[in-house]
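See below for my_file-v9.cif, which holds mmCIF, C-alpha atoms.
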```
data_upload
loop_
_atom_site.label_atom_id
_atom_site.label_comp_id
_atom_site.auth_asym_id
_atom_site.auth_seq_id
_atom_site.Cartn_x
_atom_site.Cartn_y
_atom_site.Cartn_z
CA MET O 1 10.08 -29.90 -33.35
CA TYR O 2 10.39 -26.26 -34.36
CA LEU O 3 7.77 -23.74 -33.25
CA PRO O 4 8.02 -20.28 -34.83
CA SER O 5 8.00 -17.02 -32.92
CA LEU O 6 4.65 -15.28 -33.22
CA GLY O 7 6.40 -12.08 -32.20
CA THR O 8 8.51 -12.27 -35.36
CA TYR O 9 5.39 -12.60 -37.51
CA LYS O 10 3.76 -9.72 -35.66
CA ASN O 11 6.78 -7.45 -36.17
CA LYS O 12 6.74 -8.18 -39.90
CA PHE O 13 3.10 -7.11 -40.11
CA ILE O 14 3.83 -3.92 -38.18
CA ALA O 15 6.78 -3.17 -40.48
CA LEU O 16 4.36 -3.44 -43.41
CA GLY O 17 2.10 -0.83 -41.83
CA VAL O 18 -0.47 -2.98 -40.04
CA SER O 19 -1.78 -1.11 -36.98
CA TYR O 20 -1.73 -3.11 -33.75
CA PRO O 21 -3.96 -3.79 -31.94
CA LEU O 22 -6.41 -4.35 -34.75
CA LYS O 23 -9.83 -2.75 -34.87
CA THR O 24 -12.48 -4.45 -32.79
CA ILE O 25 -15.84 -5.27 -34.31
CA SER O 26 -18.20 -3.58 -31.87
CA VAL O 27 -21.86 -4.42 -32.36
CA ASN O 28 -24.38 -2.04 -30.81
CA SER O 29 -27.35 -3.46 -32.68
CA THR O 30 -28.15 -6.08 -35.29
CA LEU O 31 -25.65 -6.72 -38.09
CA LEU O 32 -27.99 -8.68 -40.33
CA PRO O 33 -29.39 -5.73 -42.35
CA LEU O 34 -25.87 -4.32 -42.87
CA LEU O 35 -24.13 -7.38 -44.29
CA PRO O 36 -24.17 -8.04 -48.06
CA TYR O 37 -26.69 -10.62 -49.18
CA ASP O 38 -27.14 -11.45 -52.85
CA HIS O 39 -28.55 -14.97 -53.04
CA ASN O 40 -31.64 -16.91 -51.99
CA LYS O 41 -30.28 -18.99 -49.12
CA ILE O 42 -32.34 -18.90 -45.94
CA GLY O 43 -31.87 -19.81 -42.28
CA TRP O 44 -28.72 -19.51 -40.21
CA PRO O 45 -26.40 -17.72 -41.02
CA TRP O 46 -28.13 -16.19 -44.05
CA THR O 47 -31.42 -14.71 -42.90
CA GLU O 48 -31.07 -15.38 -39.16
CA GLU O 49 -28.74 -13.99 -36.48
CA THR O 50 -28.01 -14.16 -32.77
CA SER O 51 -30.15 -11.58 -31.00
CA PRO O 52 -27.97 -8.72 -29.67
CA ASP O 53 -30.35 -8.49 -26.70
CA ILE O 54 -28.80 -11.54 -25.03
CA TYR O 55 -25.63 -9.54 -24.34
CA HIS O 56 -27.43 -6.84 -22.34
CA SER O 57 -26.95 -8.84 -19.13
CA LYS O 58 -23.33 -7.69 -18.93
CA ILE O 59 -21.56 -4.46 -19.88
CA ASN O 60 -17.98 -5.67 -20.34
CA TRP O 61 -17.73 -8.82 -22.41
CA PRO O 62 -14.22 -10.31 -22.87
CA LYS O 63 -12.65 -9.90 -26.28
CA ILE O 64 -12.78 -13.01 -28.47
CA THR O 65 -10.31 -13.39 -31.34
CA ILE O 66 -11.28 -15.70 -34.19
CA VAL O 67 -8.77 -16.67 -36.90
CA THR O 68 -9.83 -18.24 -40.21
CA PRO O 69 -7.17 -19.77 -42.49
CA SER O 70 -8.47 -19.87 -46.04
CA PHE O 71 -7.43 -21.27 -49.40
CA ASN O 72 -9.77 -21.86 -52.35
CA GLN O 73 -12.85 -22.53 -50.22
CA ALA O 74 -15.15 -19.92 -51.77
CA GLN O 75 -17.95 -22.49 -51.78
CA PHE O 76 -18.07 -22.33 -47.96
CA LEU O 77 -16.18 -19.16 -46.99
CA GLU O 78 -19.13 -16.78 -46.90
CA GLN O 79 -21.05 -19.14 -44.62
CA THR O 80 -18.06 -19.22 -42.27
CA ILE O 81 -17.73 -15.42 -42.20
CA ARG O 82 -21.42 -14.82 -41.59
CA SER O 83 -21.51 -17.40 -38.78
CA VAL O 84 -18.80 -15.40 -37.00
CA LEU O 85 -20.21 -11.93 -37.61
CA LEU O 86 -23.86 -12.79 -36.98
CA GLN O 87 -23.06 -13.95 -33.47
CA ASN O 88 -23.44 -10.17 -32.95
CA TYR O 89 -20.79 -10.50 -30.25
CA PRO O 90 -20.04 -7.05 -28.79
CA ASN O 91 -16.25 -7.44 -28.47
CA LEU O 92 -14.94 -9.39 -31.46
CA GLU O 93 -11.65 -9.46 -33.34
CA TYR O 94 -11.86 -11.40 -36.62
CA ILE O 95 -8.77 -12.19 -38.69
CA ILE O 96 -8.75 -14.04 -42.03
CA ILE O 97 -5.50 -15.19 -43.63
CA ASP O 98 -6.05 -16.35 -47.21
CA GLY O 99 -3.33 -18.12 -49.18
CA ASP O 100 -3.81 -16.26 -52.49
CA SER O 101 -6.99 -18.07 -53.51
CA THR O 102 -8.04 -18.06 -57.16
CA ASP O 103 -11.64 -19.28 -56.83
CA GLY O 104 -13.50 -16.10 -55.89
CA SER O 105 -12.51 -16.08 -52.20
CA LYS O 106 -10.83 -12.67 -52.56
CA GLU O 107 -14.03 -11.14 -53.85
CA ILE O 108 -15.92 -12.51 -50.84
CA LEU O 109 -13.29 -11.10 -48.47
CA GLU O 110 -13.46 -7.69 -50.13
CA LYS O 111 -17.25 -7.74 -49.82
CA TYR O 112 -17.08 -8.34 -46.07
CA SER O 113 -13.93 -6.31 -45.37
CA PRO O 114 -15.72 -3.51 -43.42
CA TRP O 115 -16.58 -6.06 -40.73
CA ILE O 116 -13.25 -7.94 -40.63
CA SER O 117 -10.47 -6.72 -38.30
CA TYR O 118 -7.74 -7.78 -40.73
CA TRP O 119 -7.44 -9.91 -43.84
CA HIS O 120 -5.01 -10.49 -46.65
CA SER O 121 -4.72 -12.83 -49.60
CA GLU O 122 -1.09 -13.78 -50.22
CA LYS O 123 0.89 -16.95 -50.76
CA ASP O 124 1.87 -18.64 -47.50
CA ARG O 125 3.42 -21.90 -46.32
CA GLY O 126 0.19 -23.73 -45.60
CA GLN O 127 -2.59 -23.88 -43.04
CA GLY O 128 -0.38 -23.88 -39.95
CA ASN O 129 1.56 -20.87 -41.20
CA ALA O 130 -1.68 -19.00 -41.91
CA ILE O 131 -3.05 -19.75 -38.44
CA ASN O 132 0.16 -18.60 -36.78
CA MET O 133 0.19 -15.38 -38.77
CA GLY O 134 -3.38 -14.74 -37.73
CA PHE O 135 -2.77 -15.32 -34.03
CA SER O 136 0.38 -13.17 -34.13
CA LEU O 137 -2.00 -10.21 -34.56
CA ALA O 138 -4.48 -11.39 -31.91
CA SER O 139 -5.21 -9.22 -28.89
CA GLY O 140 -8.25 -11.00 -27.47
CA ASP O 141 -8.76 -12.55 -24.05
CA TYR O 142 -9.88 -15.83 -25.64
CA TYR O 143 -8.92 -17.46 -28.93
CA ALA O 144 -10.32 -19.88 -31.48
CA TRP O 145 -9.81 -20.70 -35.10
CA ILE O 146 -12.42 -21.92 -37.54
CA ASN O 147 -11.52 -23.25 -40.96
CA SER O 148 -13.08 -21.73 -44.06
CA ASP O 149 -15.33 -24.74 -44.68
CA ASP O 150 -16.84 -24.92 -41.17
CA TYR O 151 -19.20 -22.60 -39.34
CA TYR O 152 -20.43 -21.71 -35.86
CA ILE O 153 -23.92 -22.37 -34.56
CA ARG O 154 -26.06 -19.41 -33.54
CA GLY O 155 -25.35 -18.24 -29.98
CA THR O 156 -22.01 -20.05 -29.66
CA PHE O 157 -19.95 -17.01 -28.61
CA PHE O 158 -22.50 -16.10 -25.93
CA LYS O 159 -22.37 -19.61 -24.44
CA VAL O 160 -18.58 -19.79 -24.57
CA ALA O 161 -17.98 -16.32 -23.11
CA GLN O 162 -20.45 -16.99 -20.32
CA GLU O 163 -18.68 -20.25 -19.50
CA PHE O 164 -15.24 -18.62 -19.40
CA MET O 165 -16.52 -15.87 -17.08
CA ARG O 166 -18.43 -18.27 -14.85
CA SER O 167 -15.94 -21.10 -14.49
CA LYS O 168 -12.62 -19.26 -14.96
CA LYS O 169 -11.38 -22.21 -17.05
CA ASP O 170 -8.51 -22.00 -19.55
CA PHE O 171 -9.99 -24.27 -22.22
CA VAL O 172 -13.64 -24.60 -23.22
CA TYR O 173 -14.80 -27.14 -25.80
CA GLY O 174 -18.06 -28.65 -26.97
CA TYR O 175 -19.96 -30.96 -29.27
CA ALA O 176 -20.45 -30.35 -33.00
CA TYR O 177 -22.46 -31.44 -35.99
CA GLY O 178 -20.98 -33.06 -39.05
CA TYR O 179 -22.82 -32.12 -42.24
CA ASN O 180 -22.41 -34.49 -45.18
CA CYS O 181 -22.58 -32.23 -48.22
CA GLU O 182 -23.53 -35.14 -50.49
CA THR O 183 -26.27 -36.81 -48.46
CA LYS O 184 -27.36 -33.57 -46.70
CA LYS O 185 -27.32 -35.51 -43.42
CA LEU O 186 -26.50 -33.78 -40.13
CA THR O 187 -24.86 -35.99 -37.47
CA LEU O 188 -24.24 -35.00 -33.85
CA GLN O 189 -20.63 -35.53 -32.73
CA THR O 190 -20.12 -35.86 -28.98
CA LEU O 191 -17.18 -36.59 -26.71
CA LEU O 192 -16.42 -37.36 -23.08
CA PRO O 193 -14.71 -34.85 -20.80
CA VAL O 194 -11.00 -34.85 -21.67
CA LEU O 195 -8.73 -36.30 -18.98
CA ASP O 196 -4.94 -35.97 -19.05
CA TYR O 197 -4.46 -39.74 -19.14
CA PHE O 198 -6.53 -40.02 -22.34
CA ILE O 199 -5.31 -36.85 -24.07
CA LYS O 200 -3.36 -38.87 -26.66
CA ILE O 201 -6.62 -40.30 -28.03
CA PRO O 202 -8.00 -37.79 -30.58
CA SER O 203 -11.42 -36.61 -29.44
CA ILE O 204 -11.48 -32.80 -29.19
CA ILE O 205 -13.51 -31.24 -32.00
CA GLN O 206 -11.43 -28.38 -33.40
CA PRO O 207 -14.10 -25.85 -34.52
CA SER O 208 -15.90 -26.24 -31.17
CA THR O 209 -12.82 -25.33 -29.14
CA PHE O 210 -11.83 -22.04 -27.44
CA TRP O 211 -8.98 -21.20 -25.07
CA SER O 212 -7.46 -18.43 -22.99
CA ALA O 213 -4.87 -16.22 -24.68
CA LYS O 214 -2.68 -16.87 -21.63
CA ILE O 215 -2.10 -20.51 -22.62
CA HIS O 216 -1.81 -20.03 -26.39
CA GLN O 217 1.15 -21.59 -28.23
CA PRO O 218 2.16 -21.58 -31.92
CA ILE O 219 1.03 -24.24 -34.38
CA TRP O 220 3.67 -26.72 -35.52
CA GLU O 221 3.77 -25.67 -39.16
CA GLU O 222 5.37 -28.86 -40.52
CA LEU O 223 2.14 -30.77 -39.91
CA TYR O 224 -0.44 -30.96 -42.69
CA CYS O 225 -3.49 -32.67 -41.18
CA ALA O 226 -3.09 -33.27 -37.43
CA LEU O 227 -1.97 -29.78 -36.44
CA ASP O 228 -4.97 -29.24 -34.14
CA PHE O 229 -4.47 -32.59 -32.37
CA GLU O 230 -0.80 -31.80 -31.74
CA LEU O 231 -1.69 -28.36 -30.40
CA TRP O 232 -4.16 -29.87 -27.92
CA LEU O 233 -1.38 -32.11 -26.58
CA ARG O 234 0.42 -28.94 -25.49
CA LEU O 235 -2.53 -26.70 -24.58
CA VAL O 236 -4.82 -29.03 -22.66
CA LYS O 237 -2.67 -31.08 -20.30
CA GLY O 238 -2.40 -29.46 -16.90
CA ASN O 239 -4.81 -26.63 -17.73
CA ARG O 240 -8.34 -26.17 -16.45
CA ARG O 241 -11.01 -27.11 -18.99
CA LYS O 242 -14.75 -27.33 -19.31
CA LEU O 243 -16.93 -29.35 -21.70
CA ILE O 244 -20.09 -27.66 -22.96
CA LYS O 245 -22.44 -30.54 -23.70
CA GLU O 246 -24.03 -28.81 -26.67
CA PRO O 247 -23.02 -28.47 -30.34
CA LEU O 248 -21.09 -25.25 -30.98
CA SER O 249 -20.18 -25.66 -34.65
CA VAL O 250 -20.83 -27.52 -37.89
CA ALA O 251 -18.08 -29.21 -39.90
CA ASN O 252 -18.88 -29.54 -43.59
CA GLN O 253 -17.87 -32.99 -44.81
CA HIS O 254 -16.94 -32.89 -48.48
CA ASP O 255 -14.50 -34.50 -50.90
CA ASN O 256 -11.73 -31.96 -50.28
CA ALA O 257 -11.98 -31.98 -46.48
CA LYS O 258 -8.85 -33.47 -44.89
CA THR O 259 -10.84 -35.53 -42.39
CA PHE O 260 -13.18 -36.85 -45.09
CA ASN O 261 -10.86 -37.47 -48.03
CA PRO O 262 -9.23 -40.95 -48.20
CA GLU O 263 -6.44 -39.49 -50.32
CA MET O 264 -5.26 -37.72 -47.16
CA ASN O 265 -4.57 -40.99 -45.28
CA ALA O 266 -0.86 -40.91 -46.11
CA LYS O 267 -0.61 -37.32 -44.87
CA TRP O 268 -2.34 -38.24 -41.61
CA GLU O 269 0.11 -41.13 -41.11
CA GLU O 270 3.06 -38.87 -41.87
CA ASP O 271 1.87 -36.34 -39.30
CA HIS O 272 1.46 -38.98 -36.60
CA GLN O 273 4.95 -40.30 -37.28
CA LYS O 274 6.26 -36.78 -36.66
CA ILE O 275 4.15 -36.23 -33.54
CA TRP O 276 5.30 -39.44 -31.84
CA SER O 277 8.94 -39.10 -32.87
CA PRO O 278 11.62 -38.68 -30.14
CA GLU O 279 12.08 -35.06 -31.28
CA ALA O 280 8.41 -34.27 -30.53
CA HIS O 281 6.12 -36.05 -28.04
CA GLY O 282 7.90 -39.41 -28.03
CA THR O 283 6.62 -42.97 -28.13
CA VAL O 284 3.38 -43.81 -26.30
CA TYR O 285 4.51 -46.86 -24.34
CA GLU O 286 1.16 -47.46 -22.62
CA TRP O 287 -0.93 -47.10 -25.78
CA LYS O 288 -2.76 -50.46 -25.49
CA ARG O 289 -3.53 -49.80 -21.84
CA ILE O 290 -4.82 -46.30 -22.61
CA ILE O 291 -7.07 -47.69 -25.37
CA PHE O 292 -8.35 -50.45 -23.05
CA TRP O 293 -9.29 -48.10 -20.22
CA ASN O 294 -10.85 -45.63 -22.62
CA LYS O 295 -13.15 -48.38 -23.95
CA ILE O 296 -14.16 -49.22 -20.38
CA ARG O 297 -14.74 -45.53 -19.70
CA ARG O 298 -16.98 -45.14 -22.74
CA LYS O 299 -19.02 -48.24 -21.84
CA LEU O 300 -19.54 -46.98 -18.29
CA HIS O 301 -20.58 -43.60 -19.63
CA LYS O 302 -23.22 -45.22 -21.86
CA ILE O 303 -24.55 -47.33 -18.97
CA PHE O 304 -24.87 -44.46 -16.49
CA ASN O 305 -26.01 -41.81 -18.96
CA ARG O 306 -28.89 -43.56 -20.68
CA PRO O 307 -31.95 -41.37 -21.30
#
```

As C-alpha cells - that is how I would like this structure written.
Amino acid sequence: MYLPSLGTYKNKFIALGVSYPLKTISVNSTLLPLLPYDHNKIGWPWTEETSPDIYHSKINWPKITIVTPSFNQAQFLEQTIRSVLLQNYPNLEYIIIDGDSTDGSKEILEKYSPWISYWHSEKDRGQGNAINMGFSLASGDYYAWINSDDYYIRGTFFKVAQEFMRSKKDFVYGYAYGYNCETKKLTLQTLLPVLDYFIKIPSIIQPSTFWSAKIHQPIWEELYCALDFELWLRLVKGNRRKLIKEPLSVANQHDNAKTFNPEMNAKWEEDHQKIWSPEAHGTVYEWKRIIFWNKIRRKLHKIFNRP
C-alpha cells in the first residue's frame, strides 16, 4: 500500500507560484447578495444562507479547510460550492481540484473564483489524487472533503466547529440525507456511534465527516470507490470521535454516482480486495463474529431508542 507524500505535492504547487498559505475566505457579513445567481432555483443554497449572526458568540473560530474533487459534475457543482460558501463561516479555506472537465464546470469555477481559496482545472490521476493535491495546500485546523455532487446542509459548519471546540474530539461525524434525483425523494441516513471493534463495517457517511488536521493522512490513490472507507480505517481507530445525531449533508443519488450505479460493483469489489490484502489491512478473521455482534447491537439500539 503506497501513500504519497503531501509535502511533495505542496512543493510542486509552490514551485508553480502558488502562495502558501492560501487566502482565507473571511465573512464579515452576508455572502448571499455577492454571489452570482442567474437562474430561478429557490431555497437552500440558492436564495437562503446561514445567518452570519450565529457566529457572533465567539471571536476566534477555528479554520476549516474544505476540499472538493471535481470532474464533469457541472449539473451539481454550483450547488456544492454555494452550500460551502453560504455557511458564511468566518474562517474558511476552500479548495477545488477539477480534473480538466469539459461540461461547463470550468465556467462555474471561474464565476465563483473570487470566493475560492484555490482552484485549478487540469488532468489528474483520479479522485484520490485530486483530494490529496487539495489537502497538500490545506492550512486549516479541521478538514473535510465534499464531492462535487453532494452538498452541505445550512448551519453545518457552525454545528461542527462548536462540537470540536466543546468536546476537543479528533473526529466529528453525523447523519445525512440521500436525495434520489429521479424520484425526488429525500431519505434520512443514520448510523450508530462508531466503535473500534466495528470499524471494518462501512457506516461512516463521507460528506458528513470532519477531522482534526493533526490526524490527517493521505488518500490511497489506487482505490477508485472505497477510498473514504479505507481512510476511516486509519483515521478513526484510536482517536477521539463524536457523533452529531443530525443530518449535516445531502448526497445526490444519480446514475453516475459510484454508490448508486450498479456498473460500479466490480470496482467496489476490486477496491475491497486491495484493502483486505496482506499488503494493506489484512484478512478480517473475525468477520462473521463482528457481523453477528453488530446485528445484536443494532437490535438493542432500536429497542432502547424507540420514540

(message) As a check of understanding, name the residues that the PyMOL selection byres ((chain O and resi 140) around 9) selects in the supplied structure, as a list in words.
(response) Pro62, Lys63, Ile64, Thr65, Ile66, Asn91, Leu92, Glu93, Ala138, Ser139, Asp141, Tyr142, Tyr143, Ser212 and Ala213 of chain O

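Nearest to Ile201 in chain O of all the residues O:Val284, O:Val250, O:Leu137, O:Ala130 is O:Val284, counting all atoms listed in the file.
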
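Closest approach to Pro193 in chain O among O:Arg82, O:Lys12, O:Lys123, O:Arg241: O:Arg241, based on only C-alpha atoms.
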
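Evaluated on this file, the PyMOL selection byres ((chain O and resi 122) around 12) matches Pro69, Ser70, Phe71, Ile96, Ile97, Asp98, Gly99, Asp100, Ser101, Thr102, Ser105, Lys106, Trp119, His120, Ser121, Lys123, Asp124, Arg125, Gly126, Asn129, Ala130 and Met133 of chain O.
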
(request) Name the residues that the PyMOL selection byres ((chain O and resi 230) around 10) pulls out of this structure, and write them as an MDAnalysis selection string. (result) chainID O and resid 200 202 219:220 223 225:229 231:235 271:272 274:276 280:281

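Put simply, CA of His254 in chain O is 7.2 Å away from CA of Glu182 in chain O.
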
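Coordinates place CA of Lys168 in chain O at a distance of 20.7 Å from CA of His56 in chain O.
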
(request) Rank O:Ser113, O:Gln73, O:Thr68, O:Thr30 by their smallest atom-to-atom distance to Gln87 in chain O, using all atoms listed in the file, and report the top residue only. (result) O:Thr30

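When all atoms listed in the file are used to compute distances to Tyr177 in chain O, the closest of the residues O:Gly238, O:Gly7, O:Pro247, O:Pro114 turns out to be O:Pro247.
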
(request) Find the distance between CA of Asn305 in chain O and CA of Arg289 in chain O and write it in Å to one decimal. (result) 24.0 Å

(request) Name all residues at most 10 Å from Ile81 in chain O (count all atoms listed in the file; drop same-chain ones fewer than 6 positions away) and give them as a PyMOL selection string. (result) chain O and resi 45+68+94+96+108-109+112+115-116+146+148-152

Residue subset to file, keeping C-alpha atoms, as an mmCIF file, keeping the file's coordinate frame:
```
data_model
loop_
_atom_site.group_PDB
_atom_site.id
_atom_site.type_symbol
_atom_site.label_atom_id
_atom_site.label_comp_id
_atom_site.auth_asym_id
_atom_site.auth_seq_id
_atom_site.Cartn_x
_atom_site.Cartn_y
_atom_site.Cartn_z
ATOM 1 C CA PRO O 45 -26.400 -17.720 -41.020
ATOM 2 C CA THR O 68 -9.830 -18.240 -40.210
ATOM 3 C CA TYR O 94 -11.860 -11.400 -36.620
ATOM 4 C CA ILE O 96 -8.750 -14.040 -42.030
ATOM 5 C CA ILE O 108 -15.920 -12.510 -50.840
ATOM 6 C CA LEU O 109 -13.290 -11.100 -48.470
ATOM 7 C CA TYR O 112 -17.080 -8.340 -46.070
ATOM 8 C CA TRP O 115 -16.580 -6.060 -40.730
ATOM 9 C CA ILE O 116 -13.250 -7.940 -40.630
ATOM 10 C CA ILE O 146 -12.420 -21.920 -37.540
ATOM 11 C CA SER O 148 -13.080 -21.730 -44.060
ATOM 12 C CA ASP O 149 -15.330 -24.740 -44.680
ATOM 13 C CA ASP O 150 -16.840 -24.920 -41.170
ATOM 14 C CA TYR O 151 -19.200 -22.600 -39.340
ATOM 15 C CA TYR O 152 -20.430 -21.710 -35.860
#
```

(request) For range 161-164 of chain O, please output as a PyMOL selection string all residues within 8 Å (counting all atoms listed in the file; exclusion window: fewer than 5 positions along the same chain). (result) chain O and resi 61-62+169-170+172

(message) I want to know what sits within 8 Å of Ile199 in chain O, based on all atoms listed in the file, with residues of the same chain fewer than 5 positions away left out; could you give that as a count of residues only?
(response) 4

(request) Could you give me, as a ChimeraX atom specification, the residues that have an atom at most 6 Å away from the point (5.2, -18.0, -28.9) in the coordinates of the file, using only C-alpha atoms? (result) /O:5-6,217-218

(message) Which polymer residues, whether protein, DNA or RNA, lie within 12 Å of the coordinate (-20.1, -30.9, -46.5) when you count all atoms listed in the file? List them as a ChimeraX atom specification, using the chain letters and numbers from the file.
(response) /O:73,75-76,79,148-151,177-187,250-261

(message) Taking only C-alpha atoms into account, name the residue in O:Asn294, O:Asn11, O:Ser136, O:Ser249 that is nearest to Ile153 in chain O.
(response) O:Ser249

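Here the question is which of O:Pro21, O:Gly155, O:Gly104, O:Pro36 gets nearest to Ser83 in chain O using only C-alpha atoms, and that residue is O:Gly155.
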